[in-house]
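To be precise, the following lines are coords_16.txt, and they hold compact mmCIF, N, CA and C atoms.
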```txt
# COMPACT_ATOMS: atom_id res chain seq x y z
N MET F 1 -9.07 -0.63 13.53
CA MET F 1 -9.27 -0.53 12.10
C MET F 1 -8.34 -1.52 11.41
N LYS F 2 -8.79 -2.06 10.29
CA LYS F 2 -7.99 -3.02 9.55
C LYS F 2 -6.89 -2.32 8.74
N ALA F 3 -5.78 -3.04 8.54
CA ALA F 3 -4.64 -2.51 7.80
C ALA F 3 -4.02 -3.62 6.97
N ILE F 4 -3.22 -3.20 5.99
CA ILE F 4 -2.45 -4.13 5.17
C ILE F 4 -1.06 -3.55 4.96
N SER F 5 -0.05 -4.39 5.05
CA SER F 5 1.32 -3.95 4.80
C SER F 5 1.62 -4.00 3.31
N VAL F 6 2.24 -2.94 2.84
CA VAL F 6 2.63 -2.82 1.44
C VAL F 6 4.06 -2.28 1.43
N ARG F 7 4.91 -2.89 0.64
CA ARG F 7 6.30 -2.42 0.56
C ARG F 7 6.36 -1.09 -0.19
N GLN F 8 7.31 -0.27 0.18
CA GLN F 8 7.57 0.96 -0.55
C GLN F 8 8.32 0.61 -1.83
N PRO F 9 8.19 1.37 -2.89
CA PRO F 9 7.38 2.58 -3.03
C PRO F 9 5.93 2.34 -3.43
N TRP F 10 5.51 1.06 -3.45
CA TRP F 10 4.11 0.77 -3.79
C TRP F 10 3.15 1.46 -2.82
N ALA F 11 3.48 1.47 -1.53
CA ALA F 11 2.61 2.12 -0.54
C ALA F 11 2.43 3.60 -0.86
N TRP F 12 3.52 4.27 -1.23
CA TRP F 12 3.46 5.69 -1.59
C TRP F 12 2.55 5.89 -2.79
N LEU F 13 2.68 5.02 -3.78
CA LEU F 13 1.85 5.13 -4.98
C LEU F 13 0.37 4.96 -4.65
N ILE F 14 0.04 4.07 -3.71
CA ILE F 14 -1.35 3.88 -3.31
C ILE F 14 -1.89 5.10 -2.59
N VAL F 15 -1.24 5.51 -1.51
CA VAL F 15 -1.81 6.57 -0.66
C VAL F 15 -1.80 7.94 -1.33
N ASN F 16 -0.99 8.09 -2.37
CA ASN F 16 -0.99 9.35 -3.11
C ASN F 16 -1.92 9.32 -4.32
N GLY F 17 -2.76 8.27 -4.40
CA GLY F 17 -3.82 8.21 -5.39
C GLY F 17 -3.41 7.77 -6.78
N HIS F 18 -2.21 7.24 -6.95
CA HIS F 18 -1.75 6.82 -8.27
C HIS F 18 -2.06 5.36 -8.57
N LYS F 19 -1.99 4.51 -7.58
CA LYS F 19 -2.14 3.06 -7.76
C LYS F 19 -3.51 2.64 -7.22
N ASP F 20 -4.34 2.08 -8.10
CA ASP F 20 -5.71 1.72 -7.70
C ASP F 20 -5.91 0.24 -7.44
N ILE F 21 -4.89 -0.57 -7.64
CA ILE F 21 -4.95 -2.01 -7.41
C ILE F 21 -3.79 -2.41 -6.52
N GLU F 22 -4.07 -3.18 -5.47
CA GLU F 22 -3.01 -3.79 -4.66
C GLU F 22 -3.08 -5.28 -4.94
N ASN F 23 -2.01 -5.80 -5.53
CA ASN F 23 -1.94 -7.20 -5.95
C ASN F 23 -1.58 -8.11 -4.79
N ARG F 24 -2.25 -9.24 -4.73
CA ARG F 24 -2.00 -10.25 -3.69
C ARG F 24 -2.15 -11.63 -4.30
N THR F 25 -1.65 -12.63 -3.59
CA THR F 25 -1.80 -14.02 -4.02
C THR F 25 -3.04 -14.64 -3.41
N TRP F 26 -3.74 -13.92 -2.55
CA TRP F 26 -4.91 -14.45 -1.85
C TRP F 26 -6.11 -13.55 -2.08
N GLN F 27 -7.30 -14.20 -2.06
CA GLN F 27 -8.55 -13.46 -2.22
C GLN F 27 -8.91 -12.77 -0.91
N ASN F 28 -9.76 -11.77 -1.03
CA ASN F 28 -10.15 -10.98 0.12
C ASN F 28 -11.62 -10.62 -0.01
N SER F 29 -12.39 -10.88 1.02
CA SER F 29 -13.80 -10.50 1.00
C SER F 29 -14.05 -9.20 1.76
N TYR F 30 -13.01 -8.64 2.38
CA TYR F 30 -13.17 -7.41 3.16
C TYR F 30 -13.46 -6.23 2.22
N ARG F 31 -14.40 -5.39 2.61
CA ARG F 31 -14.71 -4.15 1.91
C ARG F 31 -14.79 -3.04 2.94
N GLY F 32 -14.28 -1.88 2.61
CA GLY F 32 -14.37 -0.74 3.52
C GLY F 32 -13.03 -0.06 3.71
N GLN F 33 -12.96 0.78 4.74
CA GLN F 33 -11.74 1.52 5.01
C GLN F 33 -10.60 0.58 5.37
N LEU F 34 -9.40 0.96 4.94
CA LEU F 34 -8.22 0.14 5.17
C LEU F 34 -7.01 1.04 5.33
N LEU F 35 -6.31 0.89 6.45
CA LEU F 35 -5.07 1.61 6.64
C LEU F 35 -3.98 0.98 5.78
N ILE F 36 -3.10 1.82 5.27
CA ILE F 36 -1.96 1.33 4.50
C ILE F 36 -0.71 1.46 5.37
N HIS F 37 -0.08 0.32 5.61
CA HIS F 37 1.14 0.24 6.41
C HIS F 37 2.31 0.06 5.44
N ALA F 38 3.31 0.89 5.56
CA ALA F 38 4.53 0.75 4.75
C ALA F 38 5.49 -0.16 5.49
N GLY F 39 5.83 -1.28 4.88
CA GLY F 39 6.77 -2.20 5.50
C GLY F 39 8.14 -1.57 5.69
N LYS F 40 8.92 -2.13 6.60
CA LYS F 40 10.26 -1.59 6.88
C LYS F 40 11.25 -1.84 5.76
N GLY F 41 11.09 -2.98 5.08
CA GLY F 41 12.07 -3.36 4.08
C GLY F 41 11.85 -2.73 2.72
N MET F 42 12.95 -2.41 2.06
CA MET F 42 12.94 -1.98 0.66
C MET F 42 14.39 -1.96 0.20
N THR F 43 14.70 -2.80 -0.77
CA THR F 43 16.06 -2.83 -1.29
C THR F 43 16.19 -1.87 -2.47
N ASP F 44 17.42 -1.55 -2.82
CA ASP F 44 17.66 -0.72 -4.00
C ASP F 44 17.10 -1.40 -5.24
N THR F 45 17.25 -2.71 -5.32
CA THR F 45 16.75 -3.48 -6.47
C THR F 45 15.23 -3.37 -6.56
N GLU F 46 14.54 -3.48 -5.42
CA GLU F 46 13.08 -3.36 -5.43
C GLU F 46 12.65 -1.98 -5.92
N TYR F 47 13.33 -0.94 -5.46
CA TYR F 47 13.02 0.42 -5.87
C TYR F 47 13.23 0.56 -7.39
N LEU F 48 14.35 0.06 -7.89
CA LEU F 48 14.63 0.13 -9.32
C LEU F 48 13.64 -0.69 -10.14
N ASP F 49 13.18 -1.81 -9.59
CA ASP F 49 12.16 -2.61 -10.28
C ASP F 49 10.87 -1.81 -10.45
N VAL F 50 10.51 -1.02 -9.45
CA VAL F 50 9.31 -0.18 -9.56
C VAL F 50 9.52 0.88 -10.64
N LEU F 51 10.70 1.51 -10.66
CA LEU F 51 10.98 2.51 -11.70
C LEU F 51 10.90 1.88 -13.09
N ARG F 52 11.42 0.66 -13.25
CA ARG F 52 11.36 -0.04 -14.53
C ARG F 52 9.90 -0.35 -14.91
N PHE F 53 9.12 -0.78 -13.92
CA PHE F 53 7.71 -1.05 -14.16
C PHE F 53 7.00 0.21 -14.66
N LEU F 54 7.21 1.32 -13.97
CA LEU F 54 6.58 2.57 -14.37
C LEU F 54 6.98 2.96 -15.79
N ALA F 55 8.26 2.82 -16.11
CA ALA F 55 8.77 3.19 -17.43
C ALA F 55 8.20 2.28 -18.53
N SER F 56 7.79 1.08 -18.17
CA SER F 56 7.29 0.12 -19.16
C SER F 56 5.83 0.35 -19.54
N LYS F 57 5.14 1.19 -18.81
CA LYS F 57 3.71 1.44 -19.04
C LYS F 57 3.51 2.88 -19.48
N ASP F 58 3.03 3.07 -20.71
CA ASP F 58 2.84 4.42 -21.22
C ASP F 58 2.02 5.30 -20.28
N ARG F 59 0.96 4.71 -19.70
CA ARG F 59 0.07 5.50 -18.82
C ARG F 59 0.70 5.83 -17.48
N LEU F 60 1.84 5.21 -17.15
CA LEU F 60 2.45 5.40 -15.83
C LEU F 60 3.83 6.04 -15.87
N LYS F 61 4.39 6.23 -17.06
CA LYS F 61 5.76 6.74 -17.20
C LYS F 61 6.01 8.03 -16.41
N HIS F 62 5.04 8.92 -16.40
CA HIS F 62 5.19 10.21 -15.73
C HIS F 62 5.45 10.06 -14.23
N LEU F 63 5.03 8.94 -13.64
CA LEU F 63 5.20 8.76 -12.19
C LEU F 63 6.65 8.54 -11.79
N ALA F 64 7.48 8.06 -12.72
CA ALA F 64 8.90 7.87 -12.41
C ALA F 64 9.56 9.20 -12.05
N ASP F 65 9.05 10.29 -12.60
CA ASP F 65 9.62 11.61 -12.33
C ASP F 65 9.22 12.19 -10.98
N ILE F 66 8.12 11.72 -10.42
CA ILE F 66 7.65 12.28 -9.14
C ILE F 66 7.83 11.32 -7.97
N LEU F 67 8.25 10.09 -8.26
CA LEU F 67 8.44 9.11 -7.19
C LEU F 67 9.56 9.58 -6.26
N PRO F 68 9.29 9.68 -4.95
CA PRO F 68 10.34 10.13 -4.03
C PRO F 68 11.53 9.17 -4.04
N ALA F 69 12.69 9.71 -3.73
CA ALA F 69 13.91 8.91 -3.60
C ALA F 69 13.76 7.99 -2.38
N PRO F 70 14.46 6.85 -2.37
CA PRO F 70 14.33 5.90 -1.25
C PRO F 70 14.43 6.52 0.15
N PRO F 71 15.39 7.44 0.42
CA PRO F 71 15.46 7.97 1.79
C PRO F 71 14.24 8.80 2.20
N GLU F 72 13.46 9.26 1.22
CA GLU F 72 12.29 10.08 1.51
C GLU F 72 11.02 9.26 1.76
N LEU F 73 11.08 7.96 1.49
CA LEU F 73 9.90 7.11 1.67
C LEU F 73 9.83 6.61 3.10
N GLU F 74 8.73 6.93 3.77
CA GLU F 74 8.54 6.49 5.16
C GLU F 74 8.32 4.99 5.18
N ARG F 75 8.94 4.34 6.18
CA ARG F 75 8.82 2.88 6.28
C ARG F 75 8.65 2.49 7.73
N GLY F 76 7.97 1.33 7.93
CA GLY F 76 7.77 0.81 9.27
C GLY F 76 6.63 1.47 10.02
N GLY F 77 5.57 1.83 9.28
CA GLY F 77 4.43 2.44 9.96
C GLY F 77 3.27 2.74 9.03
N ILE F 78 2.21 3.26 9.62
CA ILE F 78 1.00 3.63 8.89
C ILE F 78 1.29 4.91 8.11
N VAL F 79 0.97 4.90 6.80
CA VAL F 79 1.24 6.06 5.96
C VAL F 79 -0.01 6.63 5.30
N GLY F 80 -1.12 5.88 5.34
CA GLY F 80 -2.32 6.39 4.69
C GLY F 80 -3.52 5.51 4.93
N ILE F 81 -4.60 5.92 4.32
CA ILE F 81 -5.87 5.21 4.47
C ILE F 81 -6.60 5.19 3.13
N VAL F 82 -7.32 4.10 2.88
CA VAL F 82 -8.18 3.96 1.71
C VAL F 82 -9.62 4.06 2.22
N GLY F 83 -10.53 4.81 1.55
CA GLY F 83 -11.94 4.97 1.96
C GLY F 83 -12.05 6.20 2.80
N ARG F 84 -11.21 6.86 2.72
CA ARG F 84 -10.87 8.26 3.11
C ARG F 84 -9.41 8.42 3.25
N VAL F 85 -8.90 4.72 2.71
CA VAL F 85 -8.86 4.04 1.42
C VAL F 85 -9.97 2.99 1.46
N ASP F 86 -10.94 2.98 0.51
CA ASP F 86 -11.94 1.91 0.48
C ASP F 86 -11.45 0.77 -0.37
N VAL F 87 -11.51 -0.43 0.17
CA VAL F 87 -11.37 -1.62 -0.67
C VAL F 87 -12.77 -1.86 -1.21
N VAL F 88 -12.91 -1.80 -2.53
CA VAL F 88 -14.23 -1.93 -3.12
C VAL F 88 -14.42 -3.24 -3.86
N GLY F 89 -13.37 -4.05 -3.97
CA GLY F 89 -13.51 -5.33 -4.64
C GLY F 89 -12.21 -6.09 -4.69
N CYS F 90 -12.32 -7.39 -4.98
CA CYS F 90 -11.17 -8.26 -5.18
C CYS F 90 -11.39 -8.96 -6.50
N PHE F 91 -10.44 -8.81 -7.43
CA PHE F 91 -10.63 -9.28 -8.78
C PHE F 91 -9.53 -10.24 -9.20
N ALA F 92 -9.90 -11.21 -10.05
CA ALA F 92 -8.93 -12.12 -10.65
C ALA F 92 -8.45 -11.57 -11.99
N GLU F 93 -9.16 -10.58 -12.53
CA GLU F 93 -8.77 -9.87 -13.76
C GLU F 93 -9.22 -8.43 -13.62
N HIS F 94 -8.42 -7.51 -14.17
CA HIS F 94 -8.80 -6.09 -14.13
C HIS F 94 -8.03 -5.35 -15.21
N ALA F 95 -8.64 -4.32 -15.80
CA ALA F 95 -8.02 -3.55 -16.88
C ALA F 95 -6.99 -2.55 -16.38
N SER F 96 -6.90 -2.31 -15.08
CA SER F 96 -5.95 -1.34 -14.54
C SER F 96 -4.52 -1.72 -14.93
N PRO F 97 -3.69 -0.73 -15.29
CA PRO F 97 -2.29 -1.05 -15.59
C PRO F 97 -1.52 -1.55 -14.36
N TRP F 98 -2.11 -1.40 -13.19
CA TRP F 98 -1.47 -1.86 -11.95
C TRP F 98 -1.75 -3.34 -11.68
N PHE F 99 -2.73 -3.92 -12.35
CA PHE F 99 -3.09 -5.31 -12.06
C PHE F 99 -2.03 -6.26 -12.60
N MET F 100 -1.50 -7.09 -11.69
CA MET F 100 -0.53 -8.13 -12.06
C MET F 100 -0.99 -9.49 -11.56
N GLY F 101 -2.02 -9.51 -10.68
CA GLY F 101 -2.61 -10.74 -10.18
C GLY F 101 -1.74 -11.52 -9.23
N PRO F 102 -2.16 -12.69 -8.83
CA PRO F 102 -3.37 -13.34 -9.33
C PRO F 102 -4.67 -12.67 -8.84
N TYR F 103 -4.62 -11.90 -7.75
CA TYR F 103 -5.79 -11.16 -7.28
C TYR F 103 -5.41 -9.71 -7.06
N GLY F 104 -6.36 -8.83 -7.30
CA GLY F 104 -6.12 -7.41 -7.09
C GLY F 104 -7.23 -6.80 -6.27
N PHE F 105 -6.86 -6.08 -5.22
CA PHE F 105 -7.83 -5.35 -4.40
C PHE F 105 -7.98 -3.96 -5.00
N LEU F 106 -9.17 -3.63 -5.44
CA LEU F 106 -9.43 -2.32 -6.01
C LEU F 106 -9.63 -1.33 -4.87
N VAL F 107 -8.85 -0.25 -4.87
CA VAL F 107 -8.94 0.75 -3.79
C VAL F 107 -9.31 2.10 -4.39
N ARG F 108 -10.05 2.87 -3.61
CA ARG F 108 -10.47 4.22 -4.00
C ARG F 108 -10.39 5.13 -2.80
N ASN F 109 -10.39 6.43 -3.09
CA ASN F 109 -10.43 7.45 -2.04
C ASN F 109 -9.23 7.38 -1.11
N GLN F 110 -8.06 7.17 -1.70
CA GLN F 110 -6.85 7.08 -0.90
C GLN F 110 -6.39 8.47 -0.45
N THR F 111 -5.76 8.50 0.70
CA THR F 111 -5.15 9.74 1.18
C THR F 111 -4.00 9.40 2.12
N THR F 112 -3.06 10.31 2.22
CA THR F 112 -1.95 10.12 3.14
C THR F 112 -2.42 10.45 4.55
N LEU F 113 -1.71 9.91 5.52
CA LEU F 113 -1.91 10.23 6.94
C LEU F 113 -0.56 10.59 7.52
N PRO F 114 -0.52 11.32 8.62
CA PRO F 114 0.76 11.53 9.30
C PRO F 114 1.37 10.17 9.66
N PHE F 115 2.66 10.04 9.45
CA PHE F 115 3.34 8.77 9.71
C PHE F 115 3.17 8.36 11.17
N ARG F 116 2.84 7.07 11.35
CA ARG F 116 2.68 6.51 12.70
C ARG F 116 3.45 5.19 12.76
N PRO F 117 4.57 5.15 13.50
CA PRO F 117 5.32 3.89 13.59
C PRO F 117 4.41 2.76 14.05
N PHE F 118 4.57 1.62 13.38
CA PHE F 118 3.72 0.48 13.72
C PHE F 118 4.34 -0.77 13.13
N VAL F 119 4.29 -1.86 13.85
CA VAL F 119 4.81 -3.14 13.37
C VAL F 119 3.75 -3.80 12.50
N GLY F 120 4.10 -4.09 11.25
CA GLY F 120 3.16 -4.72 10.34
C GLY F 120 3.21 -6.23 10.41
N MET F 121 2.36 -6.86 9.62
CA MET F 121 2.35 -8.32 9.54
C MET F 121 1.68 -8.73 8.24
N LEU F 122 1.70 -10.04 7.96
CA LEU F 122 1.09 -10.56 6.74
C LEU F 122 -0.43 -10.55 6.86
N GLY F 123 -1.09 -10.46 5.72
CA GLY F 123 -2.55 -10.47 5.69
C GLY F 123 -3.14 -9.17 6.20
N LEU F 124 -4.44 -9.20 6.42
CA LEU F 124 -5.10 -8.05 7.05
C LEU F 124 -4.90 -8.16 8.54
N PHE F 125 -4.65 -7.05 9.19
CA PHE F 125 -4.46 -7.06 10.63
C PHE F 125 -5.13 -5.84 11.25
N GLU F 126 -5.34 -5.91 12.53
CA GLU F 126 -6.04 -4.85 13.26
C GLU F 126 -5.03 -3.86 13.84
N VAL F 127 -5.34 -2.57 13.71
CA VAL F 127 -4.54 -1.50 14.30
C VAL F 127 -5.41 -0.81 15.34
N PRO F 128 -4.94 -0.75 16.59
CA PRO F 128 -5.74 -0.07 17.62
C PRO F 128 -5.83 1.43 17.33
N ASP F 129 -6.86 2.06 17.89
CA ASP F 129 -7.04 3.49 17.66
C ASP F 129 -5.84 4.31 18.09
N THR F 130 -5.26 3.99 19.25
CA THR F 130 -4.10 4.73 19.73
C THR F 130 -3.13 3.75 20.39
N PRO F 131 -1.82 3.97 20.20
CA PRO F 131 -0.86 3.12 20.90
C PRO F 131 -0.85 3.46 22.39
N ASP F 132 -0.31 2.55 23.19
CA ASP F 132 -0.22 2.79 24.63
C ASP F 132 0.57 4.05 24.95
N LYS F 133 1.63 4.29 24.20
CA LYS F 133 2.46 5.48 24.40
C LYS F 133 2.71 6.11 23.03
N PRO F 134 2.57 7.43 22.90
CA PRO F 134 2.79 8.08 21.61
C PRO F 134 4.17 7.73 21.06
N GLY F 135 4.20 7.43 19.74
CA GLY F 135 5.47 7.13 19.09
C GLY F 135 5.97 5.71 19.30
N GLN F 136 5.28 4.92 20.12
CA GLN F 136 5.71 3.56 20.42
C GLN F 136 5.24 2.63 19.31
N ASP F 137 6.12 1.69 18.91
CA ASP F 137 5.70 0.65 17.98
C ASP F 137 4.70 -0.24 18.71
N VAL F 138 3.60 -0.54 18.03
CA VAL F 138 2.55 -1.35 18.63
C VAL F 138 2.47 -2.66 17.86
N GLN F 139 2.33 -3.77 18.56
CA GLN F 139 2.17 -5.07 17.91
C GLN F 139 0.72 -5.22 17.47
N PRO F 140 0.48 -5.53 16.18
CA PRO F 140 -0.89 -5.72 15.72
C PRO F 140 -1.42 -7.09 16.12
N SER F 141 -2.73 -7.26 16.01
CA SER F 141 -3.33 -8.57 16.26
C SER F 141 -3.92 -9.07 14.95
N LEU F 142 -3.83 -10.37 14.71
CA LEU F 142 -4.39 -10.96 13.51
C LEU F 142 -5.90 -10.92 13.56
N LEU F 143 -6.51 -10.75 12.39
CA LEU F 143 -7.98 -10.76 12.31
C LEU F 143 -8.48 -12.16 12.23
```
Whole structure, structure tokens version:
Amino acid sequence: MKAISVRQPWAWLIVNGHKDIENRTWQNSYRGQLLIHAGKGMTDTEYLDVLRFLASKDRLKHLADILPAPPELERGGIVGIVGRVDVVGCFAEHASPWFMGPYGFLVRNQTTLPFRPFVGMLGLFEVPDTPDKPGQDVQPSLL
């Protein structure tokens, strides 16, 4: 199954159904289910930048109160799926308060999954159905 790496806390916001656009610098023609991988990295500054972003948008301010603290955010693995997460489009403009461009992947039907350690990578990548050994980090393959 295809996956995309997203830094926390953006990944949490997606898989918990709050964020409907994932911004990228590249276009994407893929449509369908997509695993959400939470990258390993997240600095205090990045976390605070997300809190500032949420506070700057009237429609999103309430999320600052429910956003988990940094130690509670799972990192370095699969955290959810879109299309049970569907990527339904790639846009150069969108009315969503999450759109920052230059391209945004519109996602729907997001849900969390039990955390599964996994090594992420840039772009869309393939995640095998099961790792060779439970709990083992698995190297993805490029699509």
Contacts of segment 43-57 of chain F within 9 Å, only C-alpha atoms, excl. fewer than 3 positions in-chain, as a list in words: Gln8, Pro9, Trp10, Leu60, Lys61, His62, Leu63, Ala64, Leu67, Ala69, Pro70 and Pro97 of chain F
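As for atom CA of Ser96 of chain F and atom C of Ile14 of chain F, they are spaced 14.2 Å apart.
Atom to atom, atom CA of Tyr103 of chain F and atom N of Asp65 of chain F stand 26.6 Å apart.
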Write out as a list in words the set of residues from segment 50-112 of chain F that DSSP, computed on the backbone, places in strand (DSSP E or B). Gly77, Ile78, Val79, Gly80, Ile81, Val82, Asp86, Val87, Val88, Gly89, Cys90, Phe91, Tyr103, Gly104, Phe105, Leu106, Val107, Arg108, Thr111 and Thr112 of chain F
How about saving the chosen residues, N, CA and C atoms kept, as a tab-separated table (two decimals), in the frame of the given file?
```tsv
chain	number	residue	atom	x	y	z
F	77	GLY	N	5.57	1.83	9.28
F	77	GLY	CA	4.43	2.44	9.96
F	77	GLY	C	3.27	2.74	9.03
F	78	ILE	N	2.21	3.26	9.62
F	78	ILE	CA	1.00	3.63	8.89
F	78	ILE	C	1.29	4.91	8.11
F	79	VAL	N	0.97	4.90	6.80
F	79	VAL	CA	1.24	6.06	5.96
F	79	VAL	C	-0.01	6.63	5.30
F	80	GLY	N	-1.12	5.88	5.34
F	80	GLY	CA	-2.32	6.39	4.69
F	80	GLY	C	-3.52	5.51	4.93
F	81	ILE	N	-4.60	5.92	4.32
F	81	ILE	CA	-5.87	5.21	4.47
F	81	ILE	C	-6.60	5.19	3.13
F	82	VAL	N	-7.32	4.10	2.88
F	82	VAL	CA	-8.18	3.96	1.71
F	82	VAL	C	-9.62	4.06	2.22
F	86	ASP	N	-10.94	2.98	0.51
F	86	ASP	CA	-11.94	1.91	0.48
F	86	ASP	C	-11.45	0.77	-0.37
F	87	VAL	N	-11.51	-0.43	0.17
F	87	VAL	CA	-11.37	-1.62	-0.67
F	87	VAL	C	-12.77	-1.86	-1.21
F	88	VAL	N	-12.91	-1.80	-2.53
F	88	VAL	CA	-14.23	-1.93	-3.12
F	88	VAL	C	-14.42	-3.24	-3.86
F	89	GLY	N	-13.37	-4.05	-3.97
F	89	GLY	CA	-13.51	-5.33	-4.64
F	89	GLY	C	-12.21	-6.09	-4.69
F	90	CYS	N	-12.32	-7.39	-4.98
F	90	CYS	CA	-11.17	-8.26	-5.18
F	90	CYS	C	-11.39	-8.96	-6.50
F	91	PHE	N	-10.44	-8.81	-7.43
F	91	PHE	CA	-10.63	-9.28	-8.78
F	91	PHE	C	-9.53	-10.24	-9.20
F	103	TYR	N	-4.62	-11.90	-7.75
F	103	TYR	CA	-5.79	-11.16	-7.28
F	103	TYR	C	-5.41	-9.71	-7.06
F	104	GLY	N	-6.36	-8.83	-7.30
F	104	GLY	CA	-6.12	-7.41	-7.09
F	104	GLY	C	-7.23	-6.80	-6.27
F	105	PHE	N	-6.86	-6.08	-5.22
F	105	PHE	CA	-7.83	-5.35	-4.40
F	105	PHE	C	-7.98	-3.96	-5.00
F	106	LEU	N	-9.17	-3.63	-5.44
F	106	LEU	CA	-9.43	-2.32	-6.01
F	106	LEU	C	-9.63	-1.33	-4.87
F	107	VAL	N	-8.85	-0.25	-4.87
F	107	VAL	CA	-8.94	0.75	-3.79
F	107	VAL	C	-9.31	2.10	-4.39
F	108	ARG	N	-10.05	2.87	-3.61
F	108	ARG	CA	-10.47	4.22	-4.00
F	108	ARG	C	-10.39	5.13	-2.80
F	111	THR	N	-5.76	8.50	0.70
F	111	THR	CA	-5.15	9.74	1.18
F	111	THR	C	-4.00	9.40	2.12
F	112	THR	N	-3.06	10.31	2.22
F	112	THR	CA	-1.95	10.12	3.14
F	112	THR	C	-2.42	10.45	4.55
```
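Taking atom N of Arg75 of chain F and atom C of Phe91 of chain F as the two end points, the separation is 28.1 Å.
Closest approach to Asn109 of chain F among F:Val15, F:Ala38, F:Ala92, F:Val127 is made by F:Val15 (distances from only N, CA and C atoms).
Distance check against Gly101 of chain F using only N, CA and C atoms: of F:Glu22, F:Gly120, F:Pro128, F:Gly39, the minimum falls on F:Glu22.
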Applying 6.5 Å and all atoms listed in the file, which residues near Leu35 of chain F remain after dropping the ones on its own chain fewer than 3 positions away? List them as a CSV table (one decimal) with N, CA and C atoms, keeping the file's coordinate frame.
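The resulting out18.csv:
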```csv
chain,number,residue,atom,x,y,z
F,1,MET,N,-9.1,-0.6,13.5
F,1,MET,CA,-9.3,-0.5,12.1
F,1,MET,C,-8.3,-1.5,11.4
F,2,LYS,N,-8.8,-2.1,10.3
F,2,LYS,CA,-8.0,-3.0,9.6
F,2,LYS,C,-6.9,-2.3,8.7
F,3,ALA,N,-5.8,-3.0,8.5
F,3,ALA,CA,-4.6,-2.5,7.8
F,3,ALA,C,-4.0,-3.6,7.0
F,4,ILE,N,-3.2,-3.2,6.0
F,4,ILE,CA,-2.4,-4.1,5.2
F,4,ILE,C,-1.1,-3.6,5.0
F,78,ILE,N,2.2,3.3,9.6
F,78,ILE,CA,1.0,3.6,8.9
F,78,ILE,C,1.3,4.9,8.1
F,79,VAL,N,1.0,4.9,6.8
F,79,VAL,CA,1.2,6.1,6.0
F,79,VAL,C,0.0,6.6,5.3
F,80,GLY,N,-1.1,5.9,5.3
F,80,GLY,CA,-2.3,6.4,4.7
F,80,GLY,C,-3.5,5.5,4.9
F,81,ILE,N,-4.6,5.9,4.3
F,81,ILE,CA,-5.9,5.2,4.5
F,81,ILE,C,-6.6,5.2,3.1
F,82,VAL,N,-7.3,4.1,2.9
F,82,VAL,CA,-8.2,4.0,1.7
F,82,VAL,C,-9.6,4.1,2.2
F,85,VAL,N,-8.9,4.7,2.7
F,85,VAL,CA,-8.9,4.0,1.4
F,85,VAL,C,-10.0,3.0,1.5
```
Just list the residues in segment 3-120 of chain F DSSP gives helix (DSSP H, G or I) on the backbone, as a ChimeraX atom specification. /F:10-15,44-56,63-66,70-72
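Candidate residues F:Arg59, F:Gln33, F:Arg108, F:Leu73 were compared for distance to Gly17 of chain F, and the nearest is F:Arg108, using all atoms listed in the file.
Of the listed residues (F:Leu122, F:Phe99, F:Phe115, F:Gly104), F:Gly104 comes nearest to Trp26 of chain F; the distances count all atoms listed in the file.
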I'd like to know which of F:Ile66, F:Asn23, F:Leu34, F:Gly76 is closest to Met121 of chain F, using only C-alpha atoms. F:Gly76
Counting only N, CA and C atoms, find residues at most 6.5 Å from (0.6, -4.0, 2.2) (file frame) and give them as a PyMOL selection string. chain F and resi 4-7+36-37+39
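When all atoms listed in the file are used to measure the gap to Asn16 of chain F, the shortest distance among F:Asn28, F:Thr111, F:Leu106, F:Asp129 belongs to F:Thr111.
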